[in-house]
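Source file: protein.txt (compact mmCIF, N, CA and C atoms)
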# COMPACT_ATOMS: atom_id res chain seq x y z
N MET A 1207 0.81 -1.19 0.00
CA MET A 1207 0.00 0.00 0.00
C MET A 1207 0.87 1.26 0.00
N ILE A 1208 1.95 1.23 0.77
CA ILE A 1208 2.83 2.39 0.82
C ILE A 1208 3.45 2.66 -0.54
N PHE A 1209 3.91 1.59 -1.18
CA PHE A 1209 4.54 1.76 -2.49
C PHE A 1209 3.52 2.28 -3.52
N TYR A 1210 2.29 1.83 -3.41
CA TYR A 1210 1.25 2.31 -4.32
C TYR A 1210 1.01 3.80 -4.12
N ARG A 1211 0.98 4.25 -2.87
CA ARG A 1211 0.78 5.68 -2.59
C ARG A 1211 1.96 6.50 -3.11
N LEU A 1212 3.17 5.97 -2.93
CA LEU A 1212 4.34 6.68 -3.46
C LEU A 1212 4.26 6.79 -4.98
N TYR A 1213 3.76 5.74 -5.62
CA TYR A 1213 3.59 5.74 -7.07
C TYR A 1213 2.55 6.79 -7.49
N LYS A 1214 1.43 6.81 -6.79
CA LYS A 1214 0.37 7.76 -7.12
C LYS A 1214 0.80 9.21 -6.91
N LEU A 1215 1.68 9.44 -5.97
CA LEU A 1215 2.19 10.78 -5.70
C LEU A 1215 3.41 11.12 -6.57
N ASN A 1216 3.75 10.22 -7.50
CA ASN A 1216 4.86 10.39 -8.44
C ASN A 1216 6.24 10.46 -7.77
N TYR A 1217 6.38 9.78 -6.63
CA TYR A 1217 7.69 9.69 -6.00
C TYR A 1217 8.51 8.54 -6.59
N ILE A 1218 7.83 7.52 -7.08
CA ILE A 1218 8.51 6.40 -7.74
C ILE A 1218 7.82 6.11 -9.07
N GLN A 1219 8.56 5.46 -10.00
CA GLN A 1219 8.04 5.20 -11.34
C GLN A 1219 7.12 3.99 -11.37
N SER A 1220 7.52 2.92 -10.69
CA SER A 1220 6.72 1.70 -10.71
C SER A 1220 6.72 1.09 -9.32
N TYR A 1221 5.56 0.96 -8.75
CA TYR A 1221 5.50 0.46 -7.38
C TYR A 1221 5.84 -1.02 -7.31
N GLU A 1222 5.56 -1.81 -8.37
CA GLU A 1222 5.89 -3.23 -8.34
C GLU A 1222 7.40 -3.44 -8.30
N THR A 1223 8.13 -2.68 -9.11
CA THR A 1223 9.58 -2.81 -9.15
C THR A 1223 10.19 -2.40 -7.82
N GLU A 1224 9.73 -1.31 -7.27
CA GLU A 1224 10.25 -0.84 -5.99
C GLU A 1224 9.92 -1.83 -4.86
N TYR A 1225 8.72 -2.39 -4.92
CA TYR A 1225 8.33 -3.37 -3.91
C TYR A 1225 9.21 -4.61 -4.01
N ASP A 1226 9.48 -5.08 -5.23
CA ASP A 1226 10.35 -6.24 -5.42
C ASP A 1226 11.76 -5.97 -4.88
N LYS A 1227 12.28 -4.77 -5.14
CA LYS A 1227 13.59 -4.40 -4.61
C LYS A 1227 13.58 -4.42 -3.08
N PHE A 1228 12.51 -3.90 -2.52
CA PHE A 1228 12.38 -3.85 -1.07
C PHE A 1228 12.38 -5.27 -0.48
N ILE A 1229 11.60 -6.17 -1.07
CA ILE A 1229 11.51 -7.54 -0.58
C ILE A 1229 12.87 -8.23 -0.68
N LYS A 1230 13.58 -8.06 -1.80
CA LYS A 1230 14.90 -8.68 -1.97
C LYS A 1230 15.88 -8.16 -0.91
N LYS A 1231 15.88 -6.87 -0.70
CA LYS A 1231 16.79 -6.29 0.29
C LYS A 1231 16.45 -6.78 1.70
N LYS A 1232 15.16 -6.88 2.00
CA LYS A 1232 14.72 -7.35 3.30
C LYS A 1232 15.18 -8.79 3.54
N GLU A 1233 15.09 -9.63 2.53
CA GLU A 1233 15.53 -11.02 2.65
C GLU A 1233 17.05 -11.11 2.81
N GLN A 1234 17.79 -10.25 2.11
CA GLN A 1234 19.24 -10.24 2.26
C GLN A 1234 19.63 -9.88 3.69
N ILE A 1235 18.98 -8.89 4.24
CA ILE A 1235 19.27 -8.47 5.60
C ILE A 1235 18.90 -9.59 6.58
N LYS A 1236 17.79 -10.24 6.34
CA LYS A 1236 17.34 -11.32 7.21
C LYS A 1236 18.30 -12.50 7.18
N ASN A 1237 18.88 -12.78 6.01
CA ASN A 1237 19.76 -13.94 5.86
C ASN A 1237 21.18 -13.69 6.35
N THR A 1238 21.57 -12.44 6.53
CA THR A 1238 22.91 -12.17 7.03
C THR A 1238 22.93 -12.39 8.53
N THR A 1239 23.99 -12.99 8.98
CA THR A 1239 24.14 -13.22 10.41
C THR A 1239 25.17 -12.25 10.95
N SER A 1240 24.92 -11.77 12.12
CA SER A 1240 25.87 -10.87 12.74
C SER A 1240 26.13 -11.32 14.17
N SER A 1241 27.32 -11.07 14.60
CA SER A 1241 27.70 -11.44 15.96
C SER A 1241 27.28 -10.35 16.92
N GLY A 1242 26.90 -10.73 18.09
CA GLY A 1242 26.55 -9.76 19.11
C GLY A 1242 27.78 -9.17 19.78
N GLY A 1243 28.94 -9.64 19.40
CA GLY A 1243 30.17 -9.15 20.01
C GLY A 1243 30.61 -10.03 21.15
N ASN A 1244 31.70 -9.65 21.76
CA ASN A 1244 32.24 -10.39 22.89
C ASN A 1244 31.71 -9.77 24.18
N TYR A 1245 30.95 -10.53 24.92
CA TYR A 1245 30.29 -10.03 26.12
C TYR A 1245 31.30 -9.54 27.16
N ILE A 1246 32.36 -10.29 27.35
CA ILE A 1246 33.38 -9.92 28.33
C ILE A 1246 34.03 -8.59 27.95
N VAL A 1247 34.36 -8.43 26.68
CA VAL A 1247 34.96 -7.17 26.22
C VAL A 1247 33.99 -6.02 26.41
N ASN A 1248 32.72 -6.27 26.16
CA ASN A 1248 31.71 -5.22 26.35
C ASN A 1248 31.63 -4.79 27.82
N ILE A 1249 31.71 -5.74 28.74
CA ILE A 1249 31.66 -5.41 30.16
C ILE A 1249 32.89 -4.60 30.54
N LYS A 1250 34.07 -5.04 30.08
CA LYS A 1250 35.30 -4.31 30.40
C LYS A 1250 35.26 -2.90 29.84
N THR A 1251 34.70 -2.73 28.66
CA THR A 1251 34.59 -1.41 28.05
C THR A 1251 33.60 -0.53 28.81
N GLU A 1252 32.49 -1.13 29.21
CA GLU A 1252 31.44 -0.37 29.89
C GLU A 1252 31.89 0.13 31.26
N TYR A 1253 32.50 -0.74 32.05
CA TYR A 1253 32.85 -0.38 33.42
C TYR A 1253 34.29 0.10 33.58
N GLY A 1254 35.17 -0.36 32.71
CA GLY A 1254 36.57 0.04 32.81
C GLY A 1254 37.33 -0.87 33.76
N ASN A 1255 38.63 -1.04 33.47
CA ASN A 1255 39.46 -1.93 34.27
C ASN A 1255 39.61 -1.44 35.71
N LYS A 1256 39.65 -0.14 35.90
CA LYS A 1256 39.82 0.39 37.26
C LYS A 1256 38.66 0.00 38.16
N PHE A 1257 37.44 0.17 37.68
CA PHE A 1257 36.26 -0.18 38.48
C PHE A 1257 36.22 -1.68 38.74
N ILE A 1258 36.52 -2.48 37.71
CA ILE A 1258 36.52 -3.94 37.87
C ILE A 1258 37.57 -4.34 38.91
N ASN A 1259 38.75 -3.71 38.87
CA ASN A 1259 39.80 -4.00 39.84
C ASN A 1259 39.36 -3.64 41.25
N ILE A 1260 38.70 -2.50 41.41
CA ILE A 1260 38.25 -2.07 42.73
C ILE A 1260 37.22 -3.05 43.29
N VAL A 1261 36.28 -3.46 42.46
CA VAL A 1261 35.26 -4.43 42.90
C VAL A 1261 35.93 -5.73 43.31
N ASN A 1262 36.87 -6.21 42.50
CA ASN A 1262 37.55 -7.47 42.82
C ASN A 1262 38.38 -7.35 44.09
N GLU A 1263 39.10 -6.24 44.25
CA GLU A 1263 39.91 -6.05 45.46
C GLU A 1263 39.03 -6.03 46.71
N ASN A 1264 37.92 -5.32 46.63
CA ASN A 1264 37.02 -5.26 47.78
C ASN A 1264 36.40 -6.61 48.09
N TYR A 1265 36.13 -7.40 47.07
CA TYR A 1265 35.61 -8.75 47.30
C TYR A 1265 36.69 -9.62 47.95
N GLU A 1266 37.92 -9.52 47.44
CA GLU A 1266 39.01 -10.32 47.98
C GLU A 1266 39.29 -9.96 49.45
N LYS A 1267 39.17 -8.68 49.79
CA LYS A 1267 39.40 -8.23 51.17
C LYS A 1267 38.24 -8.60 52.09
N GLY A 1268 37.12 -8.97 51.51
CA GLY A 1268 35.95 -9.31 52.32
C GLY A 1268 35.10 -8.11 52.67
N GLU A 1269 35.37 -6.98 52.04
CA GLU A 1269 34.60 -5.77 52.33
C GLU A 1269 33.22 -5.79 51.68
N ILE A 1270 33.09 -6.55 50.60
CA ILE A 1270 31.79 -6.73 49.95
C ILE A 1270 31.58 -8.22 49.72
N THR A 1271 30.34 -8.61 49.60
CA THR A 1271 30.03 -10.02 49.34
C THR A 1271 30.11 -10.29 47.84
N LEU A 1272 30.11 -11.55 47.50
CA LEU A 1272 30.11 -11.94 46.09
C LEU A 1272 28.85 -11.42 45.41
N ASN A 1273 27.74 -11.51 46.10
CA ASN A 1273 26.47 -11.02 45.54
C ASN A 1273 26.55 -9.53 45.22
N GLU A 1274 27.16 -8.76 46.10
CA GLU A 1274 27.32 -7.33 45.86
C GLU A 1274 28.24 -7.07 44.67
N ALA A 1275 29.32 -7.82 44.58
CA ALA A 1275 30.25 -7.67 43.44
C ALA A 1275 29.54 -7.95 42.13
N LEU A 1276 28.76 -9.01 42.11
CA LEU A 1276 28.01 -9.36 40.90
C LEU A 1276 26.99 -8.29 40.56
N THR A 1277 26.36 -7.73 41.57
CA THR A 1277 25.37 -6.67 41.35
C THR A 1277 26.02 -5.41 40.81
N TYR A 1278 27.17 -5.04 41.37
CA TYR A 1278 27.87 -3.84 40.90
C TYR A 1278 28.26 -3.95 39.43
N LEU A 1279 28.65 -5.17 39.02
CA LEU A 1279 29.07 -5.38 37.64
C LEU A 1279 27.92 -5.78 36.72
N GLY A 1280 26.79 -6.12 37.30
CA GLY A 1280 25.62 -6.50 36.50
C GLY A 1280 25.81 -7.80 35.76
N ILE A 1281 26.46 -8.77 36.41
CA ILE A 1281 26.76 -10.05 35.76
C ILE A 1281 26.37 -11.21 36.66
N LYS A 1282 26.49 -12.42 36.11
CA LYS A 1282 26.23 -13.64 36.87
C LYS A 1282 27.56 -14.24 37.28
N ILE A 1283 27.51 -15.25 38.14
CA ILE A 1283 28.72 -15.81 38.73
C ILE A 1283 29.66 -16.43 37.69
N LYS A 1284 29.12 -17.14 36.70
CA LYS A 1284 29.99 -17.76 35.71
C LYS A 1284 30.69 -16.69 34.85
N THR A 1285 30.04 -15.56 34.67
CA THR A 1285 30.66 -14.47 33.92
C THR A 1285 31.74 -13.80 34.76
N TYR A 1286 31.56 -13.77 36.07
CA TYR A 1286 32.55 -13.17 36.96
C TYR A 1286 33.90 -13.87 36.81
N ASP A 1287 33.88 -15.20 36.81
CA ASP A 1287 35.11 -15.97 36.63
C ASP A 1287 35.80 -15.61 35.32
N LYS A 1288 35.02 -15.58 34.25
CA LYS A 1288 35.58 -15.27 32.93
C LYS A 1288 36.11 -13.85 32.87
N LEU A 1289 35.40 -12.92 33.49
CA LEU A 1289 35.81 -11.52 33.50
C LEU A 1289 37.13 -11.34 34.25
N MET A 1290 37.27 -12.01 35.37
CA MET A 1290 38.51 -11.89 36.14
C MET A 1290 39.68 -12.52 35.39
N GLU A 1291 39.44 -13.63 34.71
CA GLU A 1291 40.50 -14.25 33.90
C GLU A 1291 40.91 -13.32 32.77
N ALA A 1292 39.93 -12.72 32.10
CA ALA A 1292 40.23 -11.81 30.99
C ALA A 1292 40.93 -10.55 31.46
N SER A 1293 40.67 -10.15 32.70
CA SER A 1293 41.30 -8.95 33.26
C SER A 1293 42.65 -9.26 33.88
N GLY A 1294 43.00 -10.55 33.94
CA GLY A 1294 44.28 -10.95 34.53
C GLY A 1294 44.27 -10.86 36.04
N LEU A 1295 43.10 -10.99 36.64
CA LEU A 1295 42.98 -10.89 38.10
C LEU A 1295 42.73 -12.25 38.71
N ASN A 1296 43.11 -12.38 39.95
CA ASN A 1296 42.83 -13.60 40.70
C ASN A 1296 41.43 -13.49 41.27
N CYS A 1297 40.56 -14.39 40.89
CA CYS A 1297 39.17 -14.29 41.39
C CYS A 1297 38.98 -15.07 42.67
N GLY A 1298 40.02 -15.71 43.17
CA GLY A 1298 39.91 -16.38 44.45
C GLY A 1298 38.95 -17.56 44.40
N ASN A 1299 38.55 -17.97 45.57
CA ASN A 1299 37.60 -19.08 45.69
C ASN A 1299 36.20 -18.50 45.80
N LEU A 1300 35.41 -18.62 44.75
CA LEU A 1300 34.08 -18.02 44.74
C LEU A 1300 33.08 -18.78 45.58
N TRP A 1301 33.43 -19.95 46.04
CA TRP A 1301 32.45 -20.78 46.74
C TRP A 1301 32.63 -20.73 48.26
N MET A 1302 33.24 -19.67 48.78
CA MET A 1302 33.45 -19.52 50.21
C MET A 1302 32.16 -19.13 50.90
Hey, can you dump this file as structure tokens for me?
Amino acid sequence: MIFYRLYKLNYIQSYETEYDKFIKKKEQIKNTTSSGGNYIVNIKTEYGNKFINIVNENYEKGEITLNEALTYLGIKIKTYDKLMEASGLNCGNLWM
């Protein structure tokens, strides 16, 4: 309907041709796969190494609980291990 209106208003020459182009492009976009990126890298970029280090140091000292550390970083426990490994930090024993 939109293409027909554009045709009637003389914005396009043929609404069938434009519609076919639209459908082909839509299918190409649908068939392409894209990666969501690396989650760990996204977390490090969002919070920064300094903040991650502070959270980890405070957890290691016992000043905050594991639950608080996870909340501050907005992650789950399995991601915490991976994040600390990627940051080159010792994550200690998480099951204390």
*Between atom C of Lys1236 of chain A and atom N of Ile1218 of chain A, what is the spacing in Å?*
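These two atoms are separated by 26.7 Å.
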*Quick one: distance from atom CA of Thr1271 of chain A to atom CA of Phe1257 of chain A in Å, one decimal?*
15.9 Å
*asked:* Could you list, as a list in words, every residue within 8 Å of Ala1275 of chain A, counting only C-alpha atoms and ignoring same-chain residues fewer than 5 positions away?
replied: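 With the cut-off at 8 Å, the set is Val1261, Asn1262, Tyr1265 and Ile1270 of chain A.
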*Between atom CA of Asn1244 of chain A and atom CA of Glu1274 of chain A, what is the spacing in Å?*
23.7 Å
Find the nearest atom pair between each residue of segment 1209-1271 of chain A and segment 1277-1294 of chain A for residues within 8 Å, count only C-alpha atoms, give distances in Å to one decimal, sort rows by chain and ascending number, and present the table as a Markdown table.
| residue | atom | partner | partner_atom | distance |
| --- | --- | --- | --- | --- |
| A:Ile1246 | CA | A:Leu1289 | CA | 5.9 |
| A:Ile1249 | CA | A:Leu1279 | CA | 7.9 |
| A:Lys1250 | CA | A:Leu1289 | CA | 7.9 |
| A:Tyr1253 | CA | A:Leu1279 | CA | 7.6 |
| A:Asn1255 | CA | A:Ser1293 | CA | 7.3 |
| A:Ile1258 | CA | A:Leu1279 | CA | 7.6 |
| A:Val1261 | CA | A:Tyr1278 | CA | 7.7 |
